[in-house]
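> One structure follows; several queries about it will come next.
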Protein chains: 4
Amino acid sequence: MHTGRFYTLTASCPDRVGIIARVTGFITEHQGWILESSFHADALDGRYFMRIEVRADSLPFSLAEFCSRFAPLAHELQMDWRISDSAVKKRVVILVSRQAHCLYDLLARWQSNELNIEIACVISNHATFKGFVEWHGIPFHHVPVTPENKPAAYAEVQRLFAAAQGDTMVLARYMQILPPELCAAYPGRIINIHHSFLPSFVGAKPYHQAYTRGVKLIGATCHYVTESLDQGPIIEQDVIRIDHSDSVEDMVRYGKDIEKTVLARGLRYHLEDRVLVHSNKTVVFR
Amino acid sequence: MHTGRFYTLTASCPDRVGIIARVTGFITEHQGWILESSFHADALDGRYFMRIEVRADSLPFSLAEFCSRFAPLAHELQMDWRISDSAVKKRVVILVSRQAHCLYDLLARWQSNELNIEIACVISNHATFKGFVEWHGIPFHHVPVTPENKPAAYAEVQRLFAAAQGDTMVLARYMQILPPELCAAYPGRIINIHHSFLPSFVGAKPYHQAYTRGVKLIGATCHYVTESLDQGPIIEQDVIRIDHSDSVEDMVRYGKDIEKTVLARGLRYHLEDRVLVHSNKTVVFR
Amino acid sequence: MHTGRFYTLTASCPDRVGIIARVTGFITEHQGWILESSFHADALDGRYFMRIEVRADSLPFSLAEFCSRFAPLAHELQMDWRISDSAVKKRVVILVSRQAHCLYDLLARWQSNELNIEIACVISNHATFKGFVEWHGIPFHHVPVTPENKPAAYAEVQRLFAAAQGDTMVLARYMQILPPELCAAYPGRIINIHHSFLPSFVGAKPYHQAYTRGVKLIGATCHYVTESLDQGPIIEQDVIRIDHSDSVEDMVRYGKDIEKTVLARGLRYHLEDRVLVHSNKTVVFR
Amino acid sequence: MHTGRFYTLTASCPDRVGIIARVTGFITEHQGWILESSFHADALDGRYFMRIEVRADSLPFSLAEFCSRFAPLAHELQMDWRISDSAVKKRVVILVSRQAHCLYDLLARWQSNELNIEIACVISNHATFKGFVEWHGIPFHHVPVTPENKPAAYAEVQRLFAAAQGDTMVLARYMQILPPELCAAYPGRIINIHHSFLPSFVGAKPYHQAYTRGVKLIGATCHYVTESLDQGPIIEQDVIRIDHSDSVEDMVRYGKDIEKTVLARGLRYHLEDRVLVHSNKTVVFR
């Protein structure tokens, strides 16, 4: 967490000799000051991943010029790459249903500048949190979802997300399954919190499933949403201990504490460009 | 967590043969249905601790009559005891300063009925959260504290707590040290969250202390406030892993997640009468 | 953990008013000193579970007489019950393959009297640890298992277990699947450690499965063996954090640390009569 | 964890523009294949840390020539640096007293090649484990320590360590305090496991101290030994949950499980050259 302005380069490419030297050599050539850097070689896939933070004021040119000068090297190394600017706040759209814990948690982090974001708007299938969200000065959209209106409802969600110029959509216990088209429209940009330790207990009522199986830990999983339910790349997970005396209702209550924490951690990794997706898995440079 | 009304008996007494039999025998005699029961013998001190939940509708009499009938047995066993009624919500007074995380967390739990309490009022030395608290329909009192006005300020805090008929005072990152008289006035009723794993890093700036010492985990401690700073009986603790790359600011940010979780857990144990204090330590019947 | 001799009563029965009072009343009648007691009501199933430790020297009669006097009450309450004597060491038979970590761990606990057991013998499908086991004065039986000799091999395992008067069979990373008949012969007496956080990654190569799915935590599960592979009642579980930089080989290495710890904890709960099985789940009175 | 031979460069130097580029540029110039690389900038101290693994067979020269060619660059960057060779096993000397858990644990890891080391010898102030150690083919030295013979005893320990050409001395619950001269003779080469979450409970009987304070977690700390008791740089720590029902004896028993795990993790980090010491703190590149 740096206080001054910085650019973050994230990239992956086929592994070969000299990648770090070439990339950091380019930065050094322009007197770029590297604040933080992480590298990872996936030996099985022969693929290389990196994330580099460079102080903006150490470079003699703008981000646009940085990009255009870097492009030939990236091309040569066959890179998938992007560069973000810490001065440009990401625009987050939150989808909620009637559960308070993740929403309160995210707004507290936003309110205290722990998350360096704009909350572009909140969308919900219930009006429950309209007053609470609007009190914070954040637009709230009530988009009811019924068995009959699903296509129209999700079209409206997508329209609102686009209109809000959203970068990232967060399903903060939204409790609805997004249609495949919507998932496919924003790959790597929709983040969900599932209330189990995936791949255990996919789908509905995971705490009931956990109770029936008699597990001794329950978990939560933050993952990118894909067209396959609860099968997307996992960003973060955690668990909490339970025992025989805990009812399903107890699990639901305890589970909230890890759901909100895991969602917040996973979302922060995503927003800070710490997550690179490959083969339905993630590299997370913490 | 039971849905119907129940009474909770908590007690401690010198250990001897037959305590459980006598107490549960008394309950059974009146057809009392025990929902949950926990017992603990402290072998070193020769002291016995218990907590028993009885379904209210299984007893043929009121709580008052329960108490008066139980009193002779309690006297014979030299018990410290109390009985609470799940239908009577405890009245909690929250003290905050300018940090949002614990306050948002507690209000989310209250809003969703996870904590079965009344928040009688919020008191703060800053006006920061006045609007947020009042939006929830909870009275907010701004009581500034300066080096000059401390006695008057804390007298006002005490007056407000009494006027609100507070059962429990929660220091939700209040950042001020309560005067000994105030601590002494409410033994076992003031709960603090300290941002270190006590007894390490007592007092001010614990994250700075942790950074300097180079620990690999940071923690938070929920404890009863006594006249000795950060020395009161510990109710709950937890830790989170850090590493060399984390600055003090990172620790502060990560620490918030355990602070609010540990405070919420400790507070719930307290409010559900799961905590018995003895020799500056706690028995916590989870 | 008590130093003097004690009896441990474990029981379950249909829930009704007065169970604790009746059972502890019986013990008190004979001046029995209760060291530790735990009770659990399963509200959904209407079943009651208990575990009570009584100091042997506080009772005026032998364990046999304790049992015969208690039997009528147990019958009246429709109890499944048993009483064990801390002075009688349980006889454990360990099955291993070629991995050292669980075997060394169990022998260290046995050597230091942390586990109050006799290791009746060690059985292995490889001769790898023959010298190591025999050096400790423990009989070692090499029973090779091949695709051809399986029935004979497992008959020999069962014969050795019976001949050793084994109470509990421990599969300490045995890596072989016991035949259904053997599983069925000793319900609640065969304990396995599975190297995943069940129900995720049942069957072979769970670390490979975990690697492919990209989970952020890996786990281990100690469970009773039943005829359904990896489906038996779970006694204990734990997890450890991994990240994208960990290969399958790294997971295997880290996993060993939780495998041995989880096995040792689960085994201790079992040996101290802390585990009661019901509906393919366990009540564990820690 | 790589299977082929590799060299590990670890270094620290004053921070400036271009360090990574210069160092990786040098490696790339010789076609060196980087397997793993980690970098850390300590912003407060303006110091830079790195660790780079290079495949041995990718370089056209020997380790000696690598060193002599790298020396001028290291000099220019004012580096503290070293390069180790994965083909050269580090020689570890283990000091134990009468507790089995850490010794069994380390020997199991050595036996299974999880730790790529030679155990040069085991030294103990008791003869307890003589047979066990020698059975493994490892020399065992019994060096009794009494209040009277301390100087002579520790001179003998130092002589044995030197004679064994020890790289690292491991105090695996040795229970004796090394004299300052011995500590000073091997800075960053003596590793201890302390049975508390330092800085809580320095010195003798930490579990008794923890019991008295009523903490809810107990811990273990792996650290380098310095002349100040329990004040050396911390390499690794972990904790385990306890509650009011746990006696000091229970804590001792549970504590063993984290002691051995934390020691093994810390030792592995050290042996794999993942630990850099600075300002009585450690950078640990996991």
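Residue numbering restarts at 1 for every chain of the structure tokens, chains are lettered A, B, ... in their displayed order, and ligands are numbered from 1 as they appear.
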What's the 12 Å shell around segment 278-280 of chain C, counting only C-alpha atoms, without same-chain residues fewer than 4 positions away, as a ChimeraX atom specification?
/A:211-215,244 /C:11-13,42,44-49,80,187-188,223-228,230-235,284
> Write down as an NGL selection string the residues of segment 114-219 of chain D whose backbone DSSP state falls under strand (DSSP E or B).
:D and (117-124 or 140-142 or 168-171 or 190-194 or 217-219)
> Could you save those same residues with N, CA, C and O atoms as a CSV table (one decimal), in the first residue's frame?

chain,number,residue,atom,x,y,z
D,117,ILE,N,19.3,-32.1,3.9
D,117,ILE,CA,20.4,-31.8,4.8
D,117,ILE,C,21.2,-33.1,5.2
D,117,ILE,O,20.8,-34.2,5.0
D,118,GLU,N,22.4,-32.8,5.7
D,118,GLU,CA,23.1,-33.8,6.5
D,118,GLU,C,22.8,-33.5,8.0
D,118,GLU,O,23.0,-32.3,8.4
D,119,ILE,N,22.5,-34.5,8.8
D,119,ILE,CA,22.5,-34.2,10.3
D,119,ILE,C,23.9,-34.7,10.8
D,119,ILE,O,24.1,-35.9,10.9
D,120,ALA,N,24.7,-33.7,11.0
D,120,ALA,CA,26.1,-34.0,11.3
D,120,ALA,C,26.2,-34.7,12.6
D,120,ALA,O,27.0,-35.7,12.7
D,121,CYS,N,25.5,-34.3,13.6
D,121,CYS,CA,25.4,-35.0,14.9
D,121,CYS,C,24.3,-34.5,15.7
D,121,CYS,O,23.8,-33.4,15.4
D,122,VAL,N,24.0,-35.2,16.8
D,122,VAL,CA,23.0,-34.7,17.8
D,122,VAL,C,23.8,-34.6,19.1
D,122,VAL,O,24.6,-35.5,19.5
D,123,ILE,N,23.6,-33.5,19.8
D,123,ILE,CA,24.3,-33.3,21.1
D,123,ILE,C,23.2,-33.1,22.1
D,123,ILE,O,22.2,-32.4,21.9
D,124,SER,N,23.3,-33.8,23.3
D,124,SER,CA,22.3,-33.7,24.3
D,124,SER,C,22.9,-33.6,25.7
D,124,SER,O,24.0,-34.2,25.9
D,140,PHE,N,25.9,-39.4,18.1
D,140,PHE,CA,25.3,-38.8,19.3
D,140,PHE,C,26.3,-38.4,20.3
D,140,PHE,O,27.1,-39.3,20.7
D,141,HIS,N,26.3,-37.2,20.8
D,141,HIS,CA,27.3,-36.8,21.9
D,141,HIS,C,26.5,-36.4,23.1
D,141,HIS,O,25.7,-35.5,23.1
D,142,HIS,N,26.8,-37.1,24.2
D,142,HIS,CA,26.2,-36.8,25.5
D,142,HIS,C,27.1,-35.8,26.3
D,142,HIS,O,28.2,-36.2,26.7
D,168,THR,N,24.6,-25.0,10.7
D,168,THR,CA,23.5,-24.5,11.5
D,168,THR,C,23.4,-25.3,12.7
D,168,THR,O,23.4,-26.6,12.7
D,169,MET,N,23.2,-24.6,13.9
D,169,MET,CA,22.9,-25.3,15.1
D,169,MET,C,21.4,-25.1,15.5
D,169,MET,O,21.0,-24.0,15.5
D,170,VAL,N,20.7,-26.2,15.7
D,170,VAL,CA,19.3,-26.1,16.0
D,170,VAL,C,19.0,-26.5,17.5
D,170,VAL,O,19.3,-27.7,17.9
D,171,LEU,N,18.5,-25.6,18.2
D,171,LEU,CA,18.1,-25.9,19.6
D,171,LEU,C,16.6,-26.5,19.6
D,171,LEU,O,15.7,-25.7,19.6
D,190,ILE,N,22.4,-20.0,14.7
D,190,ILE,CA,21.8,-20.8,15.7
D,190,ILE,C,20.3,-20.5,15.8
D,190,ILE,O,19.9,-19.4,15.9
D,191,ILE,N,19.5,-21.6,15.6
D,191,ILE,CA,18.1,-21.4,15.6
D,191,ILE,C,17.4,-22.1,16.8
D,191,ILE,O,17.8,-23.2,17.1
D,192,ASN,N,16.5,-21.3,17.4
D,192,ASN,CA,15.9,-21.8,18.6
D,192,ASN,C,14.4,-21.9,18.4
D,192,ASN,O,13.8,-21.1,17.6
D,193,ILE,N,13.7,-22.8,19.1
D,193,ILE,CA,12.2,-22.7,19.1
D,193,ILE,C,11.8,-22.4,20.6
D,193,ILE,O,12.2,-23.1,21.5
D,194,HIS,N,11.1,-21.2,20.7
D,194,HIS,CA,10.6,-20.8,22.0
D,194,HIS,C,9.2,-21.1,22.1
D,194,HIS,O,8.4,-20.8,21.2
D,217,LEU,N,-5.1,-18.1,23.1
D,217,LEU,CA,-4.3,-18.7,22.1
D,217,LEU,C,-2.9,-18.9,22.7
D,217,LEU,O,-2.4,-18.0,23.4
D,218,ILE,N,-2.2,-20.0,22.4
D,218,ILE,CA,-0.8,-20.1,22.8
D,218,ILE,C,0.0,-20.3,21.5
D,218,ILE,O,-0.5,-20.7,20.5
D,219,GLY,N,1.3,-20.0,21.6
D,219,GLY,CA,2.1,-19.9,20.4
D,219,GLY,C,3.5,-20.5,20.5
D,219,GLY,O,3.9,-21.0,21.6
> Could you work out how far atom CA of Leu95 of chain D lies from atom CA of Asn125 of chain D, giving the answer in Å with one decimal?
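So the answer is 8.4 Å.
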> Would you write out, as CSV, a table of all residues in chain A that have an atom no more than 9 Å from an atom of chain B, listing for each the closest atom pair and the distance in Å to one decimal, considering only C-alpha atoms and ordering rows by chain and rising residue number?

residue,atom,partner,partner_atom,distance
A:Met1,CA,B:Asp250,CA,6.6
A:Gln99,CA,B:Ser112,CA,7.5
A:Ala100,CA,B:Ala108,CA,6.0
A:His101,CA,B:Ala108,CA,5.9
A:Leu103,CA,B:Ala108,CA,8.8
A:Tyr104,CA,B:Ala108,CA,6.2
A:Asp105,CA,B:Asp105,CA,6.8
A:Leu107,CA,B:Tyr104,CA,8.5
A:Ala108,CA,B:His101,CA,5.9
A:Arg109,CA,B:His101,CA,7.3
A:Gln111,CA,B:Ala100,CA,7.6
A:Ser112,CA,B:Ala100,CA,6.6
A:Glu114,CA,B:Arg253,CA,7.1
A:Gly131,CA,B:Trp135,CA,8.9
A:Phe132,CA,B:Trp135,CA,8.0
A:Trp135,CA,B:Trp135,CA,7.9
A:His136,CA,B:Phe132,CA,8.5
A:Asp246,CA,B:Met1,CA,8.5
A:Ser247,CA,B:Met1,CA,8.0
A:Glu249,CA,B:Met1,CA,7.6
A:Asp250,CA,B:Met1,CA,6.7
A:Arg253,CA,B:Glu114,CA,7.1
A:Asp257,CA,B:Thr261,CA,7.1
A:Thr261,CA,B:Asp257,CA,7.1
> Please produce a file of the residues just selected, as a PDB file, in the first residue's frame, where the atoms kept are C-alpha atoms.

ATOM      1  CA  MET A   1       0.000   0.000   0.000  1.00  0.00           C
ATOM      2  CA  GLN A  99     -28.369  -9.709   3.699  1.00  0.00           C
ATOM      3  CA  ALA A 100     -26.545  -6.816   5.321  1.00  0.00           C
ATOM      4  CA  HIS A 101     -23.132  -8.148   6.258  1.00  0.00           C
ATOM      5  CA  LEU A 103     -22.772  -4.526   2.064  1.00  0.00           C
ATOM      6  CA  TYR A 104     -22.049  -2.872   5.430  1.00  0.00           C
ATOM      7  CA  ASP A 105     -18.534  -4.283   5.317  1.00  0.00           C
ATOM      8  CA  LEU A 107     -19.261   0.473   2.610  1.00  0.00           C
ATOM      9  CA  ALA A 108     -17.211   0.719   5.805  1.00  0.00           C
ATOM     10  CA  ARG A 109     -14.050  -0.009   3.815  1.00  0.00           C
ATOM     11  CA  GLN A 111     -16.030   5.135   3.762  1.00  0.00           C
ATOM     12  CA  SER A 112     -12.638   4.846   5.477  1.00  0.00           C
ATOM     13  CA  GLU A 114      -9.369   1.403   2.873  1.00  0.00           C
ATOM     14  CA  GLY A 131     -32.220   4.228   2.316  1.00  0.00           C
ATOM     15  CA  PHE A 132     -28.946   2.963   3.731  1.00  0.00           C
ATOM     16  CA  TRP A 135     -27.675   7.946   2.816  1.00  0.00           C
ATOM     17  CA  HIS A 136     -24.061   7.305   1.762  1.00  0.00           C
ATOM     18  CA  ASP A 246     -23.622 -25.745  15.862  1.00  0.00           C
ATOM     19  CA  SER A 247     -26.936 -25.760  14.041  1.00  0.00           C
ATOM     20  CA  GLU A 249     -28.459 -21.288  11.788  1.00  0.00           C
ATOM     21  CA  ASP A 250     -25.215 -21.029  13.778  1.00  0.00           C
ATOM     22  CA  ARG A 253     -24.164 -16.692  11.404  1.00  0.00           C
ATOM     23  CA  ASP A 257     -17.802 -13.394   9.192  1.00  0.00           C
ATOM     24  CA  THR A 261     -13.658 -11.037   5.026  1.00  0.00           C
TER      25      THR A 261
END
> Hey, what does DSSP flag as helix (DSSP H, G or I) within segment 46-261 of chain A? Can you give it to me as a VMD selection string?
chain A and resid 56 to 58 63 to 76 101 to 111 130 to 135 150 to 163 180 to 185 206 to 213 248 to 261
> Residues within 6 Å of Ser58 of chain B, please, as a PyMOL selection string. Count only C-alpha atoms; anything in the same chain fewer than 3 positions from it doesn't count.
chain B and resi 32-33+55
> Ranking B:Phe70, B:Phe39, B:Tyr269, B:Phe61 by minimum distance to Cys222 of chain B and counting only C-alpha atoms, which one comes first?
B:Tyr269
> Got a sec: who's within 12 Å of Lys150 of chain B, counting only C-alpha atoms, leaving out chain neighbours fewer than 3 positions off, as a short mmCIF file (atom, residue, chain, number, x, y, z; two decimals) with all heavy atoms, in the first residue's frame?

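As a result, around_8.cif now contains:
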data_model
loop_
_atom_site.label_atom_id
_atom_site.label_comp_id
_atom_site.auth_asym_id
_atom_site.auth_seq_id
_atom_site.Cartn_x
_atom_site.Cartn_y
_atom_site.Cartn_z
N ASN B 125 -16.31 10.97 20.99
CA ASN B 125 -15.58 12.22 21.21
C ASN B 125 -15.46 13.03 19.92
O ASN B 125 -14.86 14.10 19.91
CB ASN B 125 -14.20 11.95 21.83
CG ASN B 125 -13.39 10.93 21.03
OD1 ASN B 125 -13.96 10.13 20.28
ND2 ASN B 125 -12.08 10.96 21.19
N VAL B 143 -19.55 13.83 22.86
CA VAL B 143 -18.93 14.27 24.11
C VAL B 143 -17.44 14.46 23.86
O VAL B 143 -16.64 13.51 24.01
CB VAL B 143 -19.14 13.24 25.25
CG1 VAL B 143 -18.54 13.76 26.55
CG2 VAL B 143 -20.62 12.93 25.44
N PRO B 144 -17.03 15.66 23.44
CA PRO B 144 -15.61 15.90 23.17
C PRO B 144 -14.77 15.67 24.42
O PRO B 144 -15.22 15.97 25.54
CB PRO B 144 -15.56 17.37 22.74
CG PRO B 144 -16.97 17.74 22.41
CD PRO B 144 -17.84 16.87 23.26
N VAL B 145 -13.58 15.12 24.22
CA VAL B 145 -12.65 14.91 25.33
C VAL B 145 -11.37 15.68 25.03
O VAL B 145 -10.76 15.47 23.99
CB VAL B 145 -12.33 13.40 25.50
CG1 VAL B 145 -11.31 13.20 26.61
CG2 VAL B 145 -13.59 12.61 25.78
N THR B 146 -11.00 16.57 25.91
CA THR B 146 -9.76 17.33 25.77
C THR B 146 -8.93 17.14 27.03
O THR B 146 -9.46 16.67 28.05
CB THR B 146 -10.05 18.83 25.58
OG1 THR B 146 -10.65 19.32 26.80
CG2 THR B 146 -10.99 19.09 24.42
N PRO B 147 -7.66 17.45 26.96
CA PRO B 147 -6.84 17.31 28.18
C PRO B 147 -7.45 18.07 29.36
O PRO B 147 -7.32 17.65 30.51
CB PRO B 147 -5.49 17.92 27.76
CG PRO B 147 -5.44 17.73 26.28
CD PRO B 147 -6.86 17.87 25.80
N ALA B 153 -15.99 15.34 31.07
CA ALA B 153 -16.39 14.53 29.92
C ALA B 153 -16.78 13.13 30.36
O ALA B 153 -17.83 12.59 29.97
CB ALA B 153 -15.26 14.48 28.89
N TYR B 154 -15.95 12.51 31.21
CA TYR B 154 -16.26 11.15 31.62
C TYR B 154 -17.43 11.09 32.58
O TYR B 154 -18.15 10.09 32.62
CB TYR B 154 -15.01 10.45 32.18
CG TYR B 154 -14.03 10.21 31.05
CD1 TYR B 154 -12.78 10.80 31.03
CD2 TYR B 154 -14.40 9.42 29.97
CE1 TYR B 154 -11.91 10.60 29.96
CE2 TYR B 154 -13.54 9.22 28.90
CZ TYR B 154 -12.30 9.81 28.90
OH TYR B 154 -11.47 9.62 27.84
N ALA B 155 -17.63 12.15 33.34
CA ALA B 155 -18.84 12.21 34.16
C ALA B 155 -20.07 12.22 33.26
O ALA B 155 -21.08 11.58 33.54
CB ALA B 155 -18.82 13.46 35.04
N GLU B 156 -19.96 12.94 32.13
CA GLU B 156 -21.07 12.98 31.18
C GLU B 156 -21.28 11.61 30.53
O GLU B 156 -22.43 11.17 30.37
CB GLU B 156 -20.77 14.05 30.10
CG GLU B 156 -21.79 14.14 28.99
CD GLU B 156 -23.17 14.59 29.45
OE1 GLU B 156 -23.33 14.92 30.65
OE2 GLU B 156 -24.11 14.60 28.62
N VAL B 157 -20.19 10.94 30.19
CA VAL B 157 -20.32 9.58 29.62
C VAL B 157 -21.05 8.68 30.61
O VAL B 157 -21.98 7.95 30.24
CB VAL B 157 -18.92 8.99 29.29
CG1 VAL B 157 -19.01 7.48 29.03
CG2 VAL B 157 -18.31 9.70 28.08
N GLN B 176 -9.61 6.25 23.75
CA GLN B 176 -9.40 7.06 24.95
C GLN B 176 -9.30 6.11 26.14
O GLN B 176 -9.92 5.05 26.14
CB GLN B 176 -10.58 8.02 25.17
CG GLN B 176 -10.82 9.00 24.04
CD GLN B 176 -9.73 10.04 23.96
OE1 GLN B 176 -9.20 10.48 24.98
NE2 GLN B 176 -9.36 10.42 22.73
N ILE B 177 -8.53 6.50 27.14
CA ILE B 177 -8.40 5.68 28.34
C ILE B 177 -9.42 6.14 29.39
O ILE B 177 -9.39 7.31 29.80
CB ILE B 177 -6.97 5.77 28.90
CG1 ILE B 177 -5.99 5.25 27.84
CG2 ILE B 177 -6.84 4.97 30.19
CD1 ILE B 177 -4.53 5.46 28.19
N LEU B 178 -10.30 5.24 29.77
CA LEU B 178 -11.31 5.61 30.76
C LEU B 178 -10.67 5.80 32.13
O LEU B 178 -9.72 5.09 32.49
CB LEU B 178 -12.38 4.51 30.88
CG LEU B 178 -13.21 4.20 29.63
CD1 LEU B 178 -14.38 3.29 30.02
CD2 LEU B 178 -13.73 5.45 28.97
N PRO B 179 -11.16 6.76 32.92
CA PRO B 179 -10.58 6.97 34.25
C PRO B 179 -10.92 5.79 35.18
O PRO B 179 -11.95 5.13 34.99
CB PRO B 179 -11.26 8.25 34.72
CG PRO B 179 -12.54 8.33 33.97
CD PRO B 179 -12.27 7.69 32.64
N LEU B 182 -14.48 5.30 36.57
CA LEU B 182 -15.49 4.80 35.64
C LEU B 182 -15.35 3.29 35.46
O LEU B 182 -16.34 2.54 35.47
CB LEU B 182 -15.36 5.54 34.30
CG LEU B 182 -16.40 5.25 33.21
CD1 LEU B 182 -17.83 5.33 33.75
CD2 LEU B 182 -16.23 6.22 32.04
#
> What does the distance between atom CA of Leu63 of chain A and atom CA of Thr10 of chain A come to in Å, to one decimal place?
14.1 Å
> Provide the atom CA of Phe161 of chain D to atom CA of Ser86 of chain D distance in Å, to one decimal place.
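Going from atom CA of Phe161 of chain D over to atom CA of Ser86 of chain D covers 21.9 Å.
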> Which one is closest to His270 of chain C: C:Ala172, C:Ile138, C:Val92, C:Ala164? Count only C-alpha atoms.
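Closest residue, counting only C-alpha atoms: C:Val92.
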> Smallest atom-to-atom distance to Glu53 of chain A: which of D:Ile27, D:Ala41, D:Val133, D:Val275, using only C-alpha atoms?
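Checking each candidate against Glu53 of chain A, we get D:Ala41 as the closest.
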